[in-house]
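Heads up: the structure comes next, in structure tokens.
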Amino acid sequence: MKTTVTNPFITALAMFTTLPAPDVGIVDRSRSARTIVWLPWVGMLLGALGAFACGIVMILGGGPLLGAICGLAVLTVSTGFLHLDGLADTADGLGSRKPAEEALRIMKQSDIGPMGVCAIVLVLAIDTSALSSFANTNANGELWAHDFWQQIALLVTAPMVARMAVLIATRVGAETARPGGFGALFAAVTKPVTIVISLIAMVLVVATASGFASGFSAYEIVHWVIAALIAVAIGTLWQKHLVKRFGGSTGDTFGSLIEITQMCYLLACVLG
């Protein structure tokens, strides 16, 4: 007899990644509330996989730019391109300038428009450039260890910070644009106390990763923590705009939220 796994972390892995996972059965509203809590931690796991790929490439002499590209490629493939697809669909819906109902219909179509393509290209270009901005070398042309570890730490933490914005977007009282859609499964399921605890955990992870990468520089730790909070705040504003525009959240808007928040975090960490 086939056994169904109900562990919320495993369920999150099965639903939001392409990583091997056992059968988790049908996820209803009661299970979705427990599952979405683990989304930031799934993000950190994916970030660790991307960071590993990036580190291997740089150790083998590939350079920070190639390392950043490979790290982001692992992140993208391990989610089945799900969030980039959501970003593209959301861009097409916004760019159509149609009423909410018609824009949602455009977003649901399987094809991708020019605005969606531009959104993907721009976001990936900014992510890659930001990640490889730590490419400072010594007199021998070798990448400083400090910069190597900062790039690794960024890749580990960025997916976690990005998914924290989704956790906030699923807070109690959040609206859904499609009652029967994927986004409706997770809309309004997260309690405020869960969000607060998750935010504290995110800050601790970012502070630890930044501290390790920078030799526990107080300036860098504060810088990265502020960057994470700014990114989540911008993501929350982006989500608010999408809800106003489309009448609620969808699976596509959640995908765009992850990509926009991650981009903002990477930018805020490397600037200044």
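In the structure tokens, chains take letters A, B, ... by order of appearance, with residues numbered from 1 within each chain and ligands from 1 in the order shown.
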
(request) May I have all residues of region 162-264 of chain A that DSSP, computed from the backbone, assigns to alpha helix (DSSP H), given as a VMD selection string? (result) chain A and resid 162 to 169 182 to 186 192 to 214 218 to 246 251 to 264

(request) Give me the residues within 9 Å of region 68-84 of chain A as a ChimeraX atom specification, counting only C-alpha atoms and dropping any in the same chain fewer than 5 places off. (result) /A:16-19,43,46-47,49-55,57,63,89,119-120,124,127-132,151,155,159,251-259

If you keep C-alpha atoms, can you produce a file of those selected residues as a PDB file, in the first residue's frame?
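This is the output file result_4.pdb:
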```pdb
ATOM      1  CA  PHE A  16       7.513  24.125  -4.605  1.00  0.00           C
ATOM      2  CA  THR A  17      10.590  22.367  -5.969  1.00  0.00           C
ATOM      3  CA  THR A  18      11.564  19.694  -8.469  1.00  0.00           C
ATOM      4  CA  LEU A  19      13.752  17.928  -5.903  1.00  0.00           C
ATOM      5  CA  GLY A  43      14.386  28.605  -0.069  1.00  0.00           C
ATOM      6  CA  LEU A  46      17.747  25.718  -2.582  1.00  0.00           C
ATOM      7  CA  GLY A  47      20.114  28.604  -1.917  1.00  0.00           C
ATOM      8  CA  LEU A  49      22.464  24.026  -3.500  1.00  0.00           C
ATOM      9  CA  GLY A  50      22.986  27.082  -5.711  1.00  0.00           C
ATOM     10  CA  ALA A  51      25.840  28.289  -3.506  1.00  0.00           C
ATOM     11  CA  PHE A  52      27.507  24.875  -3.718  1.00  0.00           C
ATOM     12  CA  ALA A  53      27.391  24.986  -7.517  1.00  0.00           C
ATOM     13  CA  CYS A  54      28.672  28.573  -7.532  1.00  0.00           C
ATOM     14  CA  GLY A  55      31.508  27.713  -5.147  1.00  0.00           C
ATOM     15  CA  VAL A  57      32.710  26.758 -10.365  1.00  0.00           C
ATOM     16  CA  GLY A  63      35.256  33.252 -12.011  1.00  0.00           C
ATOM     17  CA  ASP A  89       2.795  36.051 -16.581  1.00  0.00           C
ATOM     18  CA  ALA A 119      10.886  41.004 -17.216  1.00  0.00           C
ATOM     19  CA  ILE A 120      12.750  37.676 -17.038  1.00  0.00           C
ATOM     20  CA  LEU A 124      18.131  37.643 -14.235  1.00  0.00           C
ATOM     21  CA  ASP A 127      20.595  39.182 -10.123  1.00  0.00           C
ATOM     22  CA  THR A 128      23.679  37.956 -11.976  1.00  0.00           C
ATOM     23  CA  SER A 129      25.373  41.356 -11.973  1.00  0.00           C
ATOM     24  CA  ALA A 130      24.675  41.877  -8.282  1.00  0.00           C
ATOM     25  CA  LEU A 131      25.982  38.457  -7.303  1.00  0.00           C
ATOM     26  CA  SER A 132      29.196  38.909  -9.254  1.00  0.00           C
ATOM     27  CA  GLN A 151      28.920  35.669  -2.915  1.00  0.00           C
ATOM     28  CA  LEU A 155      23.185  32.821  -2.694  1.00  0.00           C
ATOM     29  CA  PRO A 159      15.986  32.624  -1.739  1.00  0.00           C
ATOM     30  CA  GLY A 251       0.123  31.599  -8.019  1.00  0.00           C
ATOM     31  CA  ASP A 252       1.685  33.829 -10.693  1.00  0.00           C
ATOM     32  CA  THR A 253       1.795  36.897  -8.466  1.00  0.00           C
ATOM     33  CA  PHE A 254       3.464  34.826  -5.740  1.00  0.00           C
ATOM     34  CA  GLY A 255       6.119  33.824  -8.275  1.00  0.00           C
ATOM     35  CA  SER A 256       6.710  37.436  -9.263  1.00  0.00           C
ATOM     36  CA  LEU A 257       6.863  38.387  -5.588  1.00  0.00           C
ATOM     37  CA  ILE A 258       9.702  35.907  -4.997  1.00  0.00           C
ATOM     38  CA  GLU A 259      11.700  37.140  -7.984  1.00  0.00           C
TER      39      GLU A 259
END
```

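Counting from CA of Ile106 (chain A), the distance to CA of Val161 (chain A) is 29.0 Å.
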
If we count only C-alpha atoms and set the cut-off at 12 Å, which residues sit around Ser96 (chain A), ignoring sequence neighbours fewer than 3 positions away in its own chain? Please answer as a PDB file with all heavy atoms, in the first residue's frame.
```pdb
ATOM      1  N   ASP A  89       4.251  35.939 -16.456  1.00  0.00           N
ATOM      2  CA  ASP A  89       2.795  36.051 -16.581  1.00  0.00           C
ATOM      3  C   ASP A  89       2.276  37.325 -15.919  1.00  0.00           C
ATOM      4  O   ASP A  89       1.369  37.996 -16.441  1.00  0.00           O
ATOM      5  CB  ASP A  89       2.115  34.834 -15.961  1.00  0.00           C
ATOM      6  CG  ASP A  89       2.298  33.578 -16.805  1.00  0.00           C
ATOM      7  OD1 ASP A  89       2.610  33.718 -18.002  1.00  0.00           O
ATOM      8  OD2 ASP A  89       2.135  32.461 -16.260  1.00  0.00           O
ATOM      9  N   THR A  90       2.840  37.659 -14.767  1.00  0.00           N
ATOM     10  CA  THR A  90       2.420  38.881 -14.072  1.00  0.00           C
ATOM     11  C   THR A  90       2.771  40.110 -14.885  1.00  0.00           C
ATOM     12  O   THR A  90       1.972  41.057 -14.987  1.00  0.00           O
ATOM     13  CB  THR A  90       3.079  38.963 -12.688  1.00  0.00           C
ATOM     14  OG1 THR A  90       2.725  37.812 -11.911  1.00  0.00           O
ATOM     15  CG2 THR A  90       2.639  40.208 -11.944  1.00  0.00           C
ATOM     16  N   ALA A  91       3.957  40.117 -15.492  1.00  0.00           N
ATOM     17  CA  ALA A  91       4.360  41.247 -16.336  1.00  0.00           C
ATOM     18  C   ALA A  91       3.428  41.390 -17.532  1.00  0.00           C
ATOM     19  O   ALA A  91       3.048  42.511 -17.916  1.00  0.00           O
ATOM     20  CB  ALA A  91       5.801  41.056 -16.809  1.00  0.00           C
ATOM     21  N   ASP A  92       3.039  40.262 -18.131  1.00  0.00           N
ATOM     22  CA  ASP A  92       2.105  40.319 -19.260  1.00  0.00           C
ATOM     23  C   ASP A  92       0.747  40.861 -18.823  1.00  0.00           C
ATOM     24  O   ASP A  92       0.112  41.643 -19.538  1.00  0.00           O
ATOM     25  CB  ASP A  92       1.937  38.925 -19.870  1.00  0.00           C
ATOM     26  CG  ASP A  92       3.131  38.505 -20.703  1.00  0.00           C
ATOM     27  OD1 ASP A  92       3.868  39.391 -21.173  1.00  0.00           O
ATOM     28  OD2 ASP A  92       3.336  37.290 -20.875  1.00  0.00           O
ATOM     29  N   GLY A  93       0.299  40.433 -17.643  1.00  0.00           N
ATOM     30  CA  GLY A  93      -0.978  40.916 -17.136  1.00  0.00           C
ATOM     31  C   GLY A  93      -0.964  42.397 -16.835  1.00  0.00           C
ATOM     32  O   GLY A  93      -1.897  43.135 -17.194  1.00  0.00           O
ATOM     33  N   PRO A  99      -8.708  45.454 -17.847  1.00  0.00           N
ATOM     34  CA  PRO A  99      -9.377  45.283 -16.557  1.00  0.00           C
ATOM     35  C   PRO A  99      -8.913  43.987 -15.888  1.00  0.00           C
ATOM     36  O   PRO A  99      -8.424  43.069 -16.552  1.00  0.00           O
ATOM     37  CB  PRO A  99     -10.859  45.222 -16.939  1.00  0.00           C
ATOM     38  CG  PRO A  99     -10.942  45.978 -18.223  1.00  0.00           C
ATOM     39  CD  PRO A  99      -9.662  45.683 -18.953  1.00  0.00           C
ATOM     40  N   ALA A 100      -9.084  43.914 -14.589  1.00  0.00           N
ATOM     41  CA  ALA A 100      -8.546  42.807 -13.805  1.00  0.00           C
ATOM     42  C   ALA A 100      -8.935  41.434 -14.349  1.00  0.00           C
ATOM     43  O   ALA A 100      -8.083  40.546 -14.498  1.00  0.00           O
ATOM     44  CB  ALA A 100      -9.000  42.935 -12.355  1.00  0.00           C
ATOM     45  N   GLU A 101     -10.206  41.254 -14.669  1.00  0.00           N
ATOM     46  CA  GLU A 101     -10.664  39.946 -15.131  1.00  0.00           C
ATOM     47  C   GLU A 101      -9.997  39.535 -16.439  1.00  0.00           C
ATOM     48  O   GLU A 101      -9.561  38.384 -16.602  1.00  0.00           O
ATOM     49  CB  GLU A 101     -12.187  39.964 -15.302  1.00  0.00           C
ATOM     50  CG  GLU A 101     -12.777  38.606 -15.650  1.00  0.00           C
ATOM     51  CD  GLU A 101     -14.300  38.644 -15.711  1.00  0.00           C
ATOM     52  OE1 GLU A 101     -14.900  39.595 -15.165  1.00  0.00           O
ATOM     53  OE2 GLU A 101     -14.887  37.724 -16.316  1.00  0.00           O
ATOM     54  N   GLU A 102      -9.871  40.493 -17.353  1.00  0.00           N
ATOM     55  CA  GLU A 102      -9.235  40.184 -18.642  1.00  0.00           C
ATOM     56  C   GLU A 102      -7.733  39.996 -18.483  1.00  0.00           C
ATOM     57  O   GLU A 102      -7.117  39.146 -19.143  1.00  0.00           O
ATOM     58  CB  GLU A 102      -9.522  41.313 -19.631  1.00  0.00           C
ATOM     59  CG  GLU A 102      -9.214  40.943 -21.072  1.00  0.00           C
ATOM     60  CD  GLU A 102      -9.720  41.980 -22.052  1.00  0.00           C
ATOM     61  OE1 GLU A 102     -10.550  42.820 -21.646  1.00  0.00           O
ATOM     62  OE2 GLU A 102      -9.278  41.940 -23.218  1.00  0.00           O
ATOM     63  N   ALA A 103      -7.114  40.777 -17.587  1.00  0.00           N
ATOM     64  CA  ALA A 103      -5.679  40.630 -17.333  1.00  0.00           C
ATOM     65  C   ALA A 103      -5.378  39.261 -16.734  1.00  0.00           C
ATOM     66  O   ALA A 103      -4.380  38.620 -17.087  1.00  0.00           O
ATOM     67  CB  ALA A 103      -5.208  41.730 -16.390  1.00  0.00           C
ATOM     68  N   LEU A 104      -6.228  38.788 -15.850  1.00  0.00           N
ATOM     69  CA  LEU A 104      -6.055  37.457 -15.257  1.00  0.00           C
ATOM     70  C   LEU A 104      -6.171  36.373 -16.311  1.00  0.00           C
ATOM     71  O   LEU A 104      -5.478  35.353 -16.250  1.00  0.00           O
ATOM     72  CB  LEU A 104      -7.086  37.235 -14.148  1.00  0.00           C
ATOM     73  CG  LEU A 104      -6.868  38.020 -12.854  1.00  0.00           C
ATOM     74  CD1 LEU A 104      -8.082  37.888 -11.939  1.00  0.00           C
ATOM     75  CD2 LEU A 104      -5.614  37.528 -12.132  1.00  0.00           C
ATOM     76  N   ARG A 105      -7.040  36.592 -17.273  1.00  0.00           N
ATOM     77  CA  ARG A 105      -7.192  35.631 -18.355  1.00  0.00           C
ATOM     78  C   ARG A 105      -5.918  35.584 -19.219  1.00  0.00           C
ATOM     79  O   ARG A 105      -5.482  34.512 -19.652  1.00  0.00           O
ATOM     80  CB  ARG A 105      -8.407  35.986 -19.199  1.00  0.00           C
ATOM     81  CG  ARG A 105      -8.765  34.923 -20.236  1.00  0.00           C
ATOM     82  CD  ARG A 105     -10.186  35.056 -20.753  1.00  0.00           C
ATOM     83  NE  ARG A 105     -10.475  36.382 -21.281  1.00  0.00           N
ATOM     84  CZ  ARG A 105     -11.270  37.267 -20.683  1.00  0.00           C
ATOM     85  NH1 ARG A 105     -11.873  36.956 -19.539  1.00  0.00           N
ATOM     86  NH2 ARG A 105     -11.500  38.446 -21.228  1.00  0.00           N
ATOM     87  N   ILE A 106      -5.322  36.738 -19.437  1.00  0.00           N
ATOM     88  CA  ILE A 106      -4.069  36.803 -20.189  1.00  0.00           C
ATOM     89  C   ILE A 106      -2.958  36.076 -19.427  1.00  0.00           C
ATOM     90  O   ILE A 106      -2.165  35.328 -20.009  1.00  0.00           O
ATOM     91  CB  ILE A 106      -3.663  38.272 -20.435  1.00  0.00           C
ATOM     92  CG1 ILE A 106      -4.647  38.920 -21.417  1.00  0.00           C
ATOM     93  CG2 ILE A 106      -2.231  38.376 -20.952  1.00  0.00           C
ATOM     94  CD1 ILE A 106      -4.455  40.421 -21.581  1.00  0.00           C
ATOM     95  N   MET A 107      -2.915  36.262 -18.119  1.00  0.00           N
ATOM     96  CA  MET A 107      -1.893  35.623 -17.290  1.00  0.00           C
ATOM     97  C   MET A 107      -2.028  34.099 -17.281  1.00  0.00           C
ATOM     98  O   MET A 107      -1.032  33.382 -17.142  1.00  0.00           O
ATOM     99  CB  MET A 107      -1.991  36.156 -15.856  1.00  0.00           C
ATOM    100  CG  MET A 107      -1.576  37.605 -15.713  1.00  0.00           C
ATOM    101  SD  MET A 107      -2.080  38.334 -14.128  1.00  0.00           S
ATOM    102  CE  MET A 107      -1.193  37.286 -12.979  1.00  0.00           C
ATOM    103  N   GLY A 113       4.356  36.762 -23.486  1.00  0.00           N
ATOM    104  CA  GLY A 113       4.438  37.944 -24.331  1.00  0.00           C
ATOM    105  C   GLY A 113       5.774  38.648 -24.212  1.00  0.00           C
ATOM    106  O   GLY A 113       6.626  38.276 -23.394  1.00  0.00           O
ATOM    107  N   PRO A 114       5.985  39.694 -25.003  1.00  0.00           N
ATOM    108  CA  PRO A 114       7.258  40.425 -24.979  1.00  0.00           C
ATOM    109  C   PRO A 114       7.566  41.056 -23.626  1.00  0.00           C
ATOM    110  O   PRO A 114       8.726  41.126 -23.219  1.00  0.00           O
ATOM    111  CB  PRO A 114       7.090  41.493 -26.068  1.00  0.00           C
ATOM    112  CG  PRO A 114       5.605  41.606 -26.280  1.00  0.00           C
ATOM    113  CD  PRO A 114       5.064  40.244 -26.010  1.00  0.00           C
ATOM    114  N   MET A 115       6.527  41.496 -22.922  1.00  0.00           N
ATOM    115  CA  MET A 115       6.757  42.099 -21.613  1.00  0.00           C
ATOM    116  C   MET A 115       7.224  41.062 -20.595  1.00  0.00           C
ATOM    117  O   MET A 115       8.075  41.332 -19.744  1.00  0.00           O
ATOM    118  CB  MET A 115       5.477  42.797 -21.134  1.00  0.00           C
ATOM    119  CG  MET A 115       5.226  44.104 -21.863  1.00  0.00           C
ATOM    120  SD  MET A 115       3.527  44.686 -21.729  1.00  0.00           S
ATOM    121  CE  MET A 115       2.677  43.582 -22.848  1.00  0.00           C
ATOM    122  N   GLY A 116       6.688  39.854 -20.714  1.00  0.00           N
ATOM    123  CA  GLY A 116       7.139  38.777 -19.838  1.00  0.00           C
ATOM    124  C   GLY A 116       8.585  38.403 -20.098  1.00  0.00           C
ATOM    125  O   GLY A 116       9.363  38.177 -19.164  1.00  0.00           O
ATOM    126  N   ARG A 245      -4.400  45.724  -8.231  1.00  0.00           N
ATOM    127  CA  ARG A 245      -4.560  45.667  -9.693  1.00  0.00           C
ATOM    128  C   ARG A 245      -5.416  44.490 -10.141  1.00  0.00           C
ATOM    129  O   ARG A 245      -6.250  44.619 -11.047  1.00  0.00           O
ATOM    130  CB  ARG A 245      -3.160  45.582 -10.340  1.00  0.00           C
ATOM    131  CG  ARG A 245      -3.156  45.430 -11.854  1.00  0.00           C
ATOM    132  CD  ARG A 245      -3.691  46.669 -12.543  1.00  0.00           C
ATOM    133  NE  ARG A 245      -3.611  46.534 -14.002  1.00  0.00           N
ATOM    134  CZ  ARG A 245      -4.498  45.891 -14.744  1.00  0.00           C
ATOM    135  NH1 ARG A 245      -5.544  45.310 -14.166  1.00  0.00           N
ATOM    136  NH2 ARG A 245      -4.358  45.823 -16.053  1.00  0.00           N
ATOM    137  N   PHE A 246      -5.205  43.323  -9.521  1.00  0.00           N
ATOM    138  CA  PHE A 246      -5.888  42.110  -9.972  1.00  0.00           C
ATOM    139  C   PHE A 246      -7.027  41.665  -9.055  1.00  0.00           C
ATOM    140  O   PHE A 246      -7.715  40.696  -9.357  1.00  0.00           O
ATOM    141  CB  PHE A 246      -4.890  40.956 -10.104  1.00  0.00           C
ATOM    142  CG  PHE A 246      -3.779  41.212 -11.086  1.00  0.00           C
ATOM    143  CD1 PHE A 246      -2.462  41.081 -10.710  1.00  0.00           C
ATOM    144  CD2 PHE A 246      -4.060  41.602 -12.385  1.00  0.00           C
ATOM    145  CE1 PHE A 246      -1.428  41.319 -11.610  1.00  0.00           C
ATOM    146  CE2 PHE A 246      -3.041  41.845 -13.296  1.00  0.00           C
ATOM    147  CZ  PHE A 246      -1.721  41.713 -12.897  1.00  0.00           C
TER     148      PHE A 246
END
```

(message) If we count only C-alpha atoms and set the cut-off at 9 Å, which residues sit around Met15 (chain A), ignoring sequence neighbours fewer than 4 positions away in its own chain? Please answer as a list in words.
(response) Ile10, Thr11 and Val24 of chain A
